[in-house]
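Engineer: Just one file: data31.csv, with CSV, C-alpha atoms.
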chain,number,residue,atom,x,y,z
C,280,MET,CA,-22.3,-35.7,9.7
C,281,ARG,CA,-21.1,-34.8,6.2
C,282,ASN,CA,-23.9,-34.0,3.8
C,283,ALA,CA,-26.3,-33.6,6.7
C,284,MET,CA,-26.8,-30.1,5.6
C,285,PRO,CA,-25.9,-29.7,2.0
C,286,MET,CA,-24.3,-26.3,0.9
C,287,PRO,CA,-26.0,-24.5,-1.9
C,288,GLU,CA,-25.0,-26.3,-5.0
C,289,VAL,CA,-22.1,-24.9,-7.1
C,290,ASP,CA,-23.4,-24.6,-10.6
C,291,ASP,CA,-22.3,-22.4,-13.5
C,292,GLU,CA,-24.9,-19.8,-12.6
C,293,LEU,CA,-23.6,-19.5,-9.1
C,294,ARG,CA,-20.0,-19.5,-10.3
C,295,GLU,CA,-20.7,-16.7,-12.7
C,296,ALA,CA,-22.6,-14.7,-10.1
C,297,VAL,CA,-19.7,-15.0,-7.7
C,298,ARG,CA,-17.2,-14.0,-10.4
C,299,ARG,CA,-19.2,-10.8,-11.1
C,300,LEU,CA,-19.5,-10.1,-7.4
C,301,GLY,CA,-15.7,-10.5,-7.1
C,302,ALA,CA,-15.2,-8.0,-9.9
C,303,SER,CA,-17.5,-5.5,-8.4
C,304,THR,CA,-15.8,-5.9,-5.1
C,305,VAL,CA,-12.5,-5.0,-6.8
C,306,ALA,CA,-14.1,-2.0,-8.4
C,307,ARG,CA,-15.1,-0.8,-4.9
C,308,ALA,CA,-11.6,-1.6,-3.6
C,309,HIS,CA,-10.3,0.6,-6.4
C,310,ARG,CA,-12.6,3.5,-5.4
C,311,GLU,CA,-11.6,3.2,-1.8
C,312,GLY,CA,-7.9,3.2,-2.6
C,313,LEU,CA,-7.2,-0.3,-1.5
C,314,VAL,CA,-5.6,-1.6,-4.7
C,315,ASP,CA,-1.8,-1.3,-4.5
C,316,VAL,CA,-1.0,-3.1,-7.7
C,317,GLY,CA,-3.7,-3.4,-10.4
C,318,TYR,CA,-3.2,-5.6,-13.4
C,319,SER,CA,-5.0,-6.7,-16.5
C,320,PHE,CA,-4.2,-8.0,-20.0
C,321,VAL,CA,-3.9,-6.4,-23.4
C,322,ASP,CA,-3.7,-8.3,-26.7
C,323,THR,CA,-0.9,-7.1,-29.0
C,324,PRO,CA,0.6,-8.4,-32.3
C,325,LEU,CA,3.3,-9.9,-30.1
C,326,GLY,CA,0.9,-11.9,-27.9
C,327,ARG,CA,-1.0,-11.2,-24.7
C,328,LEU,CA,0.7,-8.7,-22.5
C,329,MET,CA,0.2,-8.4,-18.8
C,330,VAL,CA,0.1,-4.7,-17.7
C,331,ALA,CA,0.6,-3.9,-14.0
C,332,CYS,CA,0.3,-0.4,-12.4
C,333,THR,CA,0.7,1.1,-9.0
C,334,ARG,CA,-0.8,4.5,-8.0
C,335,ARG,CA,2.5,6.0,-9.2
C,336,GLY,CA,2.5,4.5,-12.6
C,337,LEU,CA,3.3,1.5,-14.8
C,338,VAL,CA,5.4,-1.0,-12.8
C,339,ARG,CA,5.5,-4.1,-14.9
C,340,LEU,CA,4.9,-5.4,-18.4
C,341,GLU,CA,5.3,-9.0,-19.2
C,342,PHE,CA,4.5,-11.2,-22.2
C,343,SER,CA,2.3,-13.6,-20.2
C,344,GLY,CA,2.2,-17.3,-20.9
C,345,PRO,CA,-1.0,-19.1,-19.9
C,346,ASP,CA,-0.1,-18.6,-16.3
C,347,PRO,CA,0.7,-15.1,-15.0
C,348,GLU,CA,1.0,-16.5,-11.4
C,349,GLN,CA,4.7,-16.2,-11.1
C,350,VAL,CA,4.8,-12.5,-12.1
C,351,LEU,CA,1.9,-11.8,-9.7
C,352,GLU,CA,3.8,-13.5,-6.9
C,353,GLU,CA,6.9,-11.4,-7.7
C,354,LEU,CA,4.8,-8.2,-7.5
C,355,ALA,CA,3.1,-9.3,-4.2
C,356,GLY,CA,6.6,-10.0,-2.7
C,357,SER,CA,8.4,-6.8,-3.9
C,358,VAL,CA,5.7,-4.2,-4.2
C,359,SER,CA,2.6,-5.1,-2.1
C,360,PRO,CA,0.4,-8.2,-1.6
C,361,ARG,CA,-2.6,-6.1,-2.5
C,362,VAL,CA,-2.4,-7.2,-6.1
C,363,LEU,CA,-5.8,-7.3,-7.9
C,364,GLU,CA,-7.1,-7.7,-11.4
C,365,ASP,CA,-8.2,-4.1,-11.9
C,366,PRO,CA,-8.7,-3.0,-15.5
C,367,ARG,CA,-9.5,0.6,-14.4
C,368,ARG,CA,-6.0,1.1,-12.9
C,369,THR,CA,-4.3,0.0,-16.2
C,370,GLU,CA,-6.6,1.7,-18.6
C,371,GLY,CA,-4.3,4.6,-19.5
C,372,ALA,CA,-1.3,2.4,-20.1
C,373,ARG,CA,-3.3,-0.1,-22.2
C,374,ARG,CA,-4.7,2.7,-24.4
C,375,GLN,CA,-1.1,3.9,-25.1
C,376,LEU,CA,0.1,0.4,-25.9
C,377,ASP,CA,-2.8,0.0,-28.3
C,378,ALA,CA,-1.9,3.3,-30.0
C,379,TYR,CA,1.8,2.4,-30.2
C,380,PHE,CA,1.1,-1.0,-31.9
C,381,ALA,CA,-1.4,0.8,-34.3
C,382,GLY,CA,1.4,3.2,-35.2
C,383,ARG,CA,-0.5,6.2,-33.8
C,384,ILE,CA,2.1,7.2,-31.2
C,385,ARG,CA,5.9,7.2,-31.1
C,386,ARG,CA,6.4,8.0,-27.5
C,387,PHE,CA,4.8,6.7,-24.3
C,388,ARG,CA,3.7,9.3,-21.8
C,389,THR,CA,2.5,7.0,-19.1
C,390,PRO,CA,4.2,7.6,-15.7
C,391,LEU,CA,6.6,4.9,-14.7
C,392,ASP,CA,7.1,3.3,-11.3
C,393,TRP,CA,10.7,2.1,-11.0
C,394,SER,CA,10.1,0.0,-7.8
C,395,LEU,CA,11.3,-3.2,-9.4
C,396,THR,CA,14.7,-1.9,-10.5
C,397,SER,CA,17.4,-1.2,-7.9
C,398,GLU,CA,19.0,2.2,-7.9
C,399,GLY,CA,22.4,2.3,-9.4
C,400,PHE,CA,23.9,1.0,-12.7
C,401,SER,CA,20.8,-1.0,-13.7
C,402,ARG,CA,18.5,1.9,-13.3
C,403,ARG,CA,20.9,4.2,-15.2
C,404,VAL,CA,21.1,1.7,-18.0
C,405,LEU,CA,17.3,1.6,-18.3
C,406,GLU,CA,17.1,5.4,-18.1
C,407,ALA,CA,19.7,5.8,-20.9
C,408,THR,CA,17.6,3.2,-22.9
C,409,ALA,CA,14.4,5.2,-22.3
C,410,ALA,CA,16.1,8.2,-24.0
C,411,ILE,CA,16.8,6.3,-27.3
C,412,PRO,CA,14.4,7.8,-29.8
C,413,PHE,CA,11.8,5.9,-31.8
C,414,GLY,CA,13.2,4.6,-35.1
C,415,SER,CA,16.8,4.5,-34.1
C,416,VAL,CA,19.1,2.0,-32.2
C,417,SER,CA,22.0,2.1,-29.8
C,418,THR,CA,24.5,-0.5,-28.7
C,419,TYR,CA,25.1,-2.2,-25.4
C,420,ARG,CA,28.4,-0.4,-25.2
C,421,GLU,CA,26.8,3.0,-25.7
C,422,VAL,CA,24.2,2.6,-23.1
C,423,ALA,CA,26.8,1.2,-20.7
C,424,GLY,CA,28.8,4.4,-21.4
C,425,LYS,CA,25.8,6.6,-20.8
C,426,ALA,CA,25.2,4.8,-17.5
C,427,GLY,CA,28.8,5.6,-16.5
C,428,SER,CA,30.7,2.4,-17.2
C,429,PRO,CA,31.7,2.2,-20.9
C,430,ARG,CA,33.3,-1.2,-20.5
C,431,ALA,CA,30.4,-2.8,-18.8
C,432,ALA,CA,28.5,-3.8,-22.0
C,433,ARG,CA,27.8,-7.3,-20.7
C,434,ALA,CA,26.4,-5.9,-17.4
C,435,ALA,CA,24.3,-3.5,-19.4
C,436,GLY,CA,22.9,-6.5,-21.3
C,437,ASN,CA,22.0,-8.1,-18.0
C,438,ALA,CA,20.2,-5.0,-16.8
C,439,LEU,CA,18.3,-4.9,-20.1
C,440,HIS,CA,17.4,-8.5,-19.8
C,441,ASP,CA,15.8,-7.7,-16.4
C,442,ASN,CA,14.0,-4.7,-17.8
C,443,PRO,CA,10.6,-4.8,-16.0
C,444,LEU,CA,9.0,-2.5,-18.6
C,445,PRO,CA,9.8,-3.8,-22.1
C,446,ILE,CA,8.5,-1.9,-25.1
C,447,VAL,CA,7.9,1.3,-22.9
C,448,VAL,CA,11.5,1.3,-21.8
C,449,PRO,CA,12.7,0.3,-25.3
C,450,CYS,CA,15.4,-2.3,-24.6
C,451,HIS,CA,14.6,-3.6,-28.2
C,452,ARG,CA,16.5,-0.5,-29.5
C,453,VAL,CA,19.8,-1.8,-28.0
C,454,VAL,CA,21.7,-4.0,-30.3
C,455,PRO,CA,25.3,-5.5,-30.4
C,456,SER,CA,28.0,-3.3,-31.9
C,457,SER,CA,29.2,-6.5,-33.7
C,458,GLY,CA,26.0,-6.5,-35.9
C,459,GLY,CA,22.7,-8.3,-35.9
C,460,ILE,CA,19.9,-7.4,-33.5
C,461,GLY,CA,21.0,-9.5,-30.5
C,462,LYS,CA,18.9,-11.1,-27.9
C,463,TYR,CA,15.4,-10.4,-26.5
C,464,GLY,CA,14.7,-12.8,-23.7
C,465,GLY,CA,14.1,-16.1,-25.6
C,466,ASP,CA,12.2,-14.3,-28.4
C,467,PRO,CA,14.4,-12.3,-30.8
C,468,TRP,CA,11.4,-12.3,-33.3
C,469,ARG,CA,9.6,-9.9,-31.0
C,470,LYS,CA,12.6,-7.6,-31.1
C,471,ALA,CA,12.7,-7.8,-34.9
C,472,PHE,CA,9.0,-7.1,-35.0
C,473,LEU,CA,9.3,-3.9,-32.9
C,474,LEU,CA,12.4,-2.6,-34.8
C,475,GLN,CA,10.5,-3.1,-38.0
C,476,LEU,CA,7.4,-1.5,-36.6
C,477,GLU,CA,9.5,1.6,-35.8
C,478,GLY,CA,11.2,1.5,-39.2
C,479,ALA,CA,14.7,1.0,-37.6
C,480,ILE,CA,15.4,-2.2,-39.7
C,481,ASP,CA,14.1,-3.7,-43.0
C,482,ALA,CA,12.4,-7.0,-43.1
C,483,GLU,CA,15.3,-8.7,-45.1
C,484,GLU,CA,17.7,-7.9,-42.2
C,485,VAL,CA,16.0,-10.4,-40.0
C,486,GLY,CA,14.2,-12.8,-42.3
C,487,GLN,CA,10.6,-13.6,-41.3
C,488,PRO,CA,10.2,-12.2,-37.8
C,489,GLY,CA,6.5,-13.1,-37.6
C,490,ALA,CA,7.4,-16.8,-37.2
C,491,PRO,CA,8.7,-17.6,-33.8
R,343,MET,CA,6.5,-12.9,5.2
R,344,ASN,CA,5.4,-13.9,1.6
R,345,LEU,CA,1.8,-13.4,1.2
R,346,PRO,CA,0.2,-14.6,-2.1
R,347,PRO,CA,-1.3,-11.9,-4.4
R,348,PHE,CA,-4.8,-11.0,-3.0
R,349,GLN,CA,-6.4,-11.8,-6.3
R,350,ARG,CA,-5.5,-15.5,-5.7
R,351,LEU,CA,-7.4,-15.5,-2.3
R,352,LEU,CA,-10.3,-13.9,-4.0
R,353,GLU,CA,-10.4,-16.5,-6.8
R,354,GLU,CA,-9.8,-19.5,-4.6
R,355,HIS,CA,-12.2,-18.7,-1.8
R,356,ARG,CA,-14.9,-16.4,-3.2
R,357,THR,CA,-17.3,-19.3,-3.9
R,358,ASP,CA,-17.1,-20.8,-0.3
R,359,VAL,CA,-17.3,-17.4,1.3
R,360,PHE,CA,-20.4,-16.6,-0.8
R,361,ARG,CA,-22.1,-19.9,-0.1
R,362,PHE,CA,-21.4,-19.5,3.6
R,363,LEU,CA,-23.0,-16.1,3.5
R,364,VAL,CA,-26.0,-17.2,1.5
R,365,VAL,CA,-26.9,-19.8,4.1
R,366,SER,CA,-26.1,-17.4,6.9
R,367,VAL,CA,-28.0,-14.2,5.8
R,368,GLY,CA,-29.9,-15.1,2.6
R,369,ARG,CA,-29.0,-14.4,-1.0
R,370,GLN,CA,-29.8,-10.7,-1.1
R,371,ALA,CA,-27.8,-9.7,2.0
R,372,ALA,CA,-25.0,-12.1,1.1
R,373,GLU,CA,-23.9,-9.8,-1.7
R,374,ASP,CA,-23.3,-6.9,0.6
R,375,CYS,CA,-21.7,-9.1,3.3
R,376,PHE,CA,-19.4,-10.6,0.6
R,377,GLN,CA,-18.1,-7.2,-0.5
R,378,GLU,CA,-17.7,-6.1,3.2
R,379,THR,CA,-15.8,-9.3,3.9
R,380,PHE,CA,-13.3,-8.9,1.1
R,381,LEU,CA,-12.8,-5.2,1.6
R,382,SER,CA,-12.1,-5.7,5.3
R,383,ALA,CA,-9.7,-8.6,4.4
R,384,LEU,CA,-8.0,-6.4,1.9
R,385,ARG,CA,-7.5,-3.6,4.4
R,386,ALA,CA,-5.9,-5.9,6.9
R,387,TYR,CA,-4.0,-8.1,4.5
R,388,PRO,CA,-0.6,-6.5,4.4
R,389,ASP,CA,-0.3,-6.8,8.2
R,390,LEU,CA,-1.4,-10.4,8.3
R,391,ARG,CA,1.1,-12.4,10.3
R,392,ASP,CA,0.0,-16.0,9.7
R,393,ALA,CA,-0.8,-17.1,6.1
R,394,SER,CA,-1.2,-20.8,6.9
R,395,ASN,CA,-5.0,-20.7,6.9
R,396,LEU,CA,-6.3,-18.0,4.6
R,397,ARG,CA,-9.6,-19.7,4.1
R,398,GLY,CA,-10.2,-19.8,7.8
R,399,TRP,CA,-9.2,-16.2,8.1
R,400,LEU,CA,-11.6,-15.1,5.4
R,401,LEU,CA,-14.5,-17.2,6.9
R,402,THR,CA,-13.8,-15.6,10.3
R,403,ILE,CA,-14.2,-12.2,8.7
R,404,ALA,CA,-17.3,-13.3,6.9
R,405,THR,CA,-18.7,-14.7,10.1
R,406,ARG,CA,-18.2,-11.3,11.8
R,407,LYS,CA,-20.0,-9.6,8.9
R,408,ALA,CA,-22.9,-12.1,9.2
R,409,LEU,CA,-23.1,-11.5,13.0
R,410,ASP,CA,-23.2,-7.7,12.3
R,411,HIS,CA,-26.0,-8.3,9.8
R,412,TRP,CA,-28.0,-10.4,12.2
R,413,ARG,CA,-27.6,-7.9,15.0
R,414,GLY,CA,-28.8,-5.1,12.7
R,415,GLU,CA,-31.7,-7.2,11.6
R,416,ARG,CA,-32.9,-7.7,15.2
R,417,ARG,CA,-32.8,-4.0,15.8
R,418,ARG,CA,-34.6,-3.2,12.6
R,419,PRO,CA,-38.4,-3.7,12.7
R,420,LEU,CA,-39.3,-5.7,9.6
R,421,PRO,CA,-42.6,-4.8,7.9
R,422,VAL,CA,-43.3,-8.5,7.6
R,423,GLU,CA,-46.9,-8.1,6.3
R,424,GLU,CA,-46.0,-5.9,3.4
R,425,VAL,CA,-43.0,-7.7,2.1
R,426,PRO,CA,-43.1,-11.1,0.3
R,427,GLU,CA,-41.2,-13.7,2.2
R,428,ARG,CA,-38.3,-13.6,-0.2
R,429,ALA,CA,-37.7,-10.7,-2.7
R,430,ALA,CA,-35.6,-13.0,-4.9
R,431,PRO,CA,-35.8,-16.7,-5.7
R,432,GLU,CA,-33.4,-18.6,-3.6
R,433,THR,CA,-31.7,-20.3,-6.5
R,434,ALA,CA,-28.5,-20.8,-4.6
R,435,ASP,CA,-30.1,-22.5,-1.6
R,436,GLY,CA,-29.9,-26.3,-1.4
R,437,ASP,CA,-33.0,-26.4,0.8
R,438,PRO,CA,-34.7,-23.1,1.4
R,439,GLU,CA,-36.9,-24.4,4.2
R,440,LEU,CA,-34.0,-25.6,6.2
R,441,TRP,CA,-32.0,-22.4,5.7
R,442,ARG,CA,-35.0,-20.3,6.7
R,443,ALA,CA,-35.1,-22.4,9.9
R,444,VAL,CA,-31.4,-21.9,10.4
R,445,ARG,CA,-31.8,-18.2,10.1
R,446,THR,CA,-34.2,-18.1,13.0
R,447,LEU,CA,-31.6,-19.4,15.4
R,448,PRO,CA,-29.8,-17.0,17.8
R,449,PRO,CA,-26.6,-15.7,16.1
R,450,MET,CA,-24.0,-17.8,18.0
R,451,GLN,CA,-26.0,-21.0,17.5
R,452,ARG,CA,-26.6,-20.1,13.9
R,453,ALA,CA,-22.9,-19.5,13.3
R,454,ALA,CA,-21.8,-22.6,15.2
R,455,VAL,CA,-24.3,-24.8,13.2
R,456,ILE,CA,-23.2,-23.4,9.9
R,457,HIS,CA,-19.5,-23.8,10.6
R,458,ARG,CA,-19.8,-27.2,12.1
R,459,TYR,CA,-22.3,-28.9,9.8
R,460,VAL,CA,-22.1,-26.9,6.6
R,461,LEU,CA,-18.4,-26.0,6.4
R,462,ASP,CA,-17.5,-29.2,8.2
R,463,LEU,CA,-15.0,-27.4,10.5
R,464,SER,CA,-13.8,-29.1,13.7
R,465,TYR,CA,-15.1,-27.7,17.1
R,466,ALA,CA,-11.6,-26.3,17.7
R,467,GLN,CA,-11.8,-24.4,14.4
R,468,VAL,CA,-15.4,-23.3,15.1
R,469,ALA,CA,-14.2,-22.0,18.5
R,470,GLU,CA,-11.3,-20.2,16.9
R,471,THR,CA,-13.4,-18.6,14.1
R,472,LEU,CA,-16.1,-17.5,16.5
R,473,GLY,CA,-13.7,-16.4,19.3
R,474,ILE,CA,-15.3,-18.6,21.9
R,475,SER,CA,-14.2,-21.7,23.9
R,476,GLU,CA,-14.4,-25.2,22.4
R,477,ASP,CA,-17.0,-26.2,25.0
R,478,ALA,CA,-19.1,-23.1,24.1
R,479,ALA,CA,-18.8,-24.0,20.4
R,480,ARG,CA,-19.9,-27.5,21.0
R,481,ALA,CA,-22.8,-26.3,23.2
R,482,ASN,CA,-24.0,-23.8,20.6
R,483,ALA,CA,-23.8,-26.3,17.8
R,484,TYR,CA,-25.7,-28.9,19.8
R,485,GLU,CA,-28.4,-26.5,21.0
R,486,GLY,CA,-28.8,-25.1,17.4
R,487,ARG,CA,-29.2,-28.6,16.0
R,488,ARG,CA,-31.7,-29.6,18.7
R,489,LYS,CA,-33.9,-26.6,17.9
R,490,LEU,CA,-33.7,-27.3,14.2
R,491,ARG,CA,-34.8,-30.8,14.8
R,492,SER,CA,-37.8,-29.7,16.8
R,493,MET,CA,-38.7,-27.1,14.2
R,494,GLN,CA,-38.5,-29.6,11.3
R,495,PRO,CA,-39.3,-33.1,12.4
R,496,MET,CA,-39.2,-34.3,8.9
R,497,GLN,CA,-35.8,-32.9,8.2
R,498,GLU,CA,-32.9,-35.3,8.5
R,499,VAL,CA,-30.5,-33.0,10.2
R,500,THR,CA,-28.6,-35.6,12.2
R,501,THR,CA,-26.7,-38.5,10.9
Taking this structure as input, can you express it in the form of structure tokens?

Structural biologist:
Amino acid sequence: MRNAMPMPEVDDELREAVRRLGASTVARAHREGLVDVGYSFVDTPLGRLMVACTRRGLVRLEFSGPDPEQVLEELAGSVSPRVLEDPRRTEGARRQLDAYFAGRIRRFRTPLDWSLTSEGFSRRVLEATAAIPFGSVSTYREVAGKAGSPRAARAAGNALHDNPLPIVVPCHRVVPSSGGIGKYGGDPWRKAFLLQLEGAIDAEEVGQPGAP
Amino acid sequence: MNLPPFQRLLEEHRTDVFRFLVVSVGRQAAEDCFQETFLSALRAYPDLRDASNLRGWLLTIATRKALDHWRGERRRPLPVEEVPERAAPETADGDPELWRAVRTLPPMQRAAVIHRYVLDLSYAQVAETLGISEDAARANAYEGRRKLRSMQPMQEVTT
């Protein structure tokens, strides 16, 4: 029975038409309030950044490899499965990121959605971090202290490692009290780039940060 | 339950859903039905209990949209004389003649024929998707195919 009635052939023209139709369906879903998490991508000097927003605000930023699937699954599981590529939802946040990397703004004013960080110590660490001004740095010990546990520098480091909103919640401004700039996921060069962009360190302090 | 991000459903199944709708309602109406299908799916998605057959779930919704469209079409008097047979070229149709014939079948026969012979679903799946018994699914597909054969003696619809 197979091939008795061939389906319309799938060629590039059809694929492109269906892709456009999918995008216009998402635009309609956006207007009808059916997108719980909208994401899209923005190119930065540090690589491609995935930006995800709920109705409340920015919920996740991630330096995306070629496959953002894992982050999308995480969002589907912990926020809502109605996750869609929706450039409209992320427009405000993307514009601010562009302005930040171009040196036009020193502070983000985009609303934040803390859904991905549990209440308690971790949340307090990130809030203390959010208060560190552009161009200056703090230490793990100091943010641990502001979060209420001065001796929990290591735990503060873990909370910063799990920061769902890097750059905007500036975990790159937290450095070890022993010197050096410390860790930044697996990519300390990004941390060095951001600190230099903000004028918090000189190039010679970190060598050539542009090379990963 | 862990449901995949809806974007993935859209990307994995949009082509099949669209092709199903093109052969069911024609290229023009397919675009509306496609949007209606995915918007309905998106509304219901967070409450979905069984994620084992998301393709089947989407096609079930698409079938309902196609049935709605057919019912609307029957009620609407079409000014056949004034309108050219097709407003747009049927670039997506494998065999325009055949699909035109398919679209003259009564809705249940039409749906059963497309599900069984185009999407290659089993009678059990056809029954589930259309919400009818397996016997009724078989009877509808059989009757639809018989009519197609009588309409198009040259068309090789059986194998």

Engineer: Write out as a PyMOL selection string every residue belonging to chain C that has an atom at most 12 Å from any atom of chain R, counting only C-alpha atoms.

Structural biologist: chain C and resi 280-319+347-365

Engineer: With only C-alpha atoms as the counted atoms, please give the residues lying no more than 10 Å from stretch 321-338 of chain C, apart from itself and same-chain residues fewer than 5 positions off, as a PyMOL selection string.

Structural biologist: chain C and resi 312+314-316+343-345+347+350-351+354+358-359+362-366+368-374+376-377+379-381+389-396+443-444+447+468-470+472-473+489

Engineer: To one decimal place in Å, what is the distance between atom CA of C:Asp441 and atom CA of C:Ser401?

Structural biologist: 8.8 Å

Engineer: Quick one: distance from atom CA of R:Ile474 to atom CA of R:His355 in Å, one decimal?

Structural biologist: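 That distance, rounded to one decimal, is 23.9 Å.
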
Engineer: Could you work out how far atom CA of R:Leu472 lies from atom CA of R:Trp412, giving the answer in Å with one decimal?

Structural biologist: 14.5 Å

Engineer: For the point (28.0, -9.1, -17.2) in the file's frame, write as a list in words all residues with an atom no more than 12 Å away, counting only C-alpha atoms.

Structural biologist: Phe400, Ser401, Tyr419, Arg420, Ala423, Ser428, Arg430, Ala431, Ala432, Arg433, Ala434, Ala435, Gly436, Asn437, Ala438, Leu439 and His440 of chain C

Engineer: Keeping C-alpha atoms, export the residues of the selection given above as a PDB file, in the frame of the given file.

Structural biologist:
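And here is the file that came out, selection-v7.pdb:
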ATOM      1  CA  PHE C 400      23.900   1.000 -12.700  1.00  0.00           C
ATOM      2  CA  SER C 401      20.800  -1.000 -13.700  1.00  0.00           C
ATOM      3  CA  TYR C 419      25.100  -2.200 -25.400  1.00  0.00           C
ATOM      4  CA  ARG C 420      28.400  -0.400 -25.200  1.00  0.00           C
ATOM      5  CA  ALA C 423      26.800   1.200 -20.700  1.00  0.00           C
ATOM      6  CA  SER C 428      30.700   2.400 -17.200  1.00  0.00           C
ATOM      7  CA  ARG C 430      33.300  -1.200 -20.500  1.00  0.00           C
ATOM      8  CA  ALA C 431      30.400  -2.800 -18.800  1.00  0.00           C
ATOM      9  CA  ALA C 432      28.500  -3.800 -22.000  1.00  0.00           C
ATOM     10  CA  ARG C 433      27.800  -7.300 -20.700  1.00  0.00           C
ATOM     11  CA  ALA C 434      26.400  -5.900 -17.400  1.00  0.00           C
ATOM     12  CA  ALA C 435      24.300  -3.500 -19.400  1.00  0.00           C
ATOM     13  CA  GLY C 436      22.900  -6.500 -21.300  1.00  0.00           C
ATOM     14  CA  ASN C 437      22.000  -8.100 -18.000  1.00  0.00           C
ATOM     15  CA  ALA C 438      20.200  -5.000 -16.800  1.00  0.00           C
ATOM     16  CA  LEU C 439      18.300  -4.900 -20.100  1.00  0.00           C
ATOM     17  CA  HIS C 440      17.400  -8.500 -19.800  1.00  0.00           C
TER      18      HIS C 440
END

Engineer: Around the point (-12.8, -21.1, 14.0) in the file's coordinates, collect all residues with an atom within 12 Å, using all atoms listed in the file, and return them as a ChimeraX atom specification.

Structural biologist: /R:395-406,453-454,456-458,461-476,479-480

Engineer: Using all atoms listed in the file, which residue out of R:Cys375, R:Val367, R:Leu409, R:Leu490 lies closest to R:Ala443?

Structural biologist: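 Distance minimum relative to R:Ala443 lands on R:Leu490.
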
Engineer: Restricting the calculation to only C-alpha atoms: of C:Gln375, C:Thr418, C:Thr408, C:Ser397, which residue gets closest to C:Gly459?

Structural biologist: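 Among C:Gln375, C:Thr418, C:Thr408, C:Ser397, it is C:Thr418 that comes nearest to C:Gly459.
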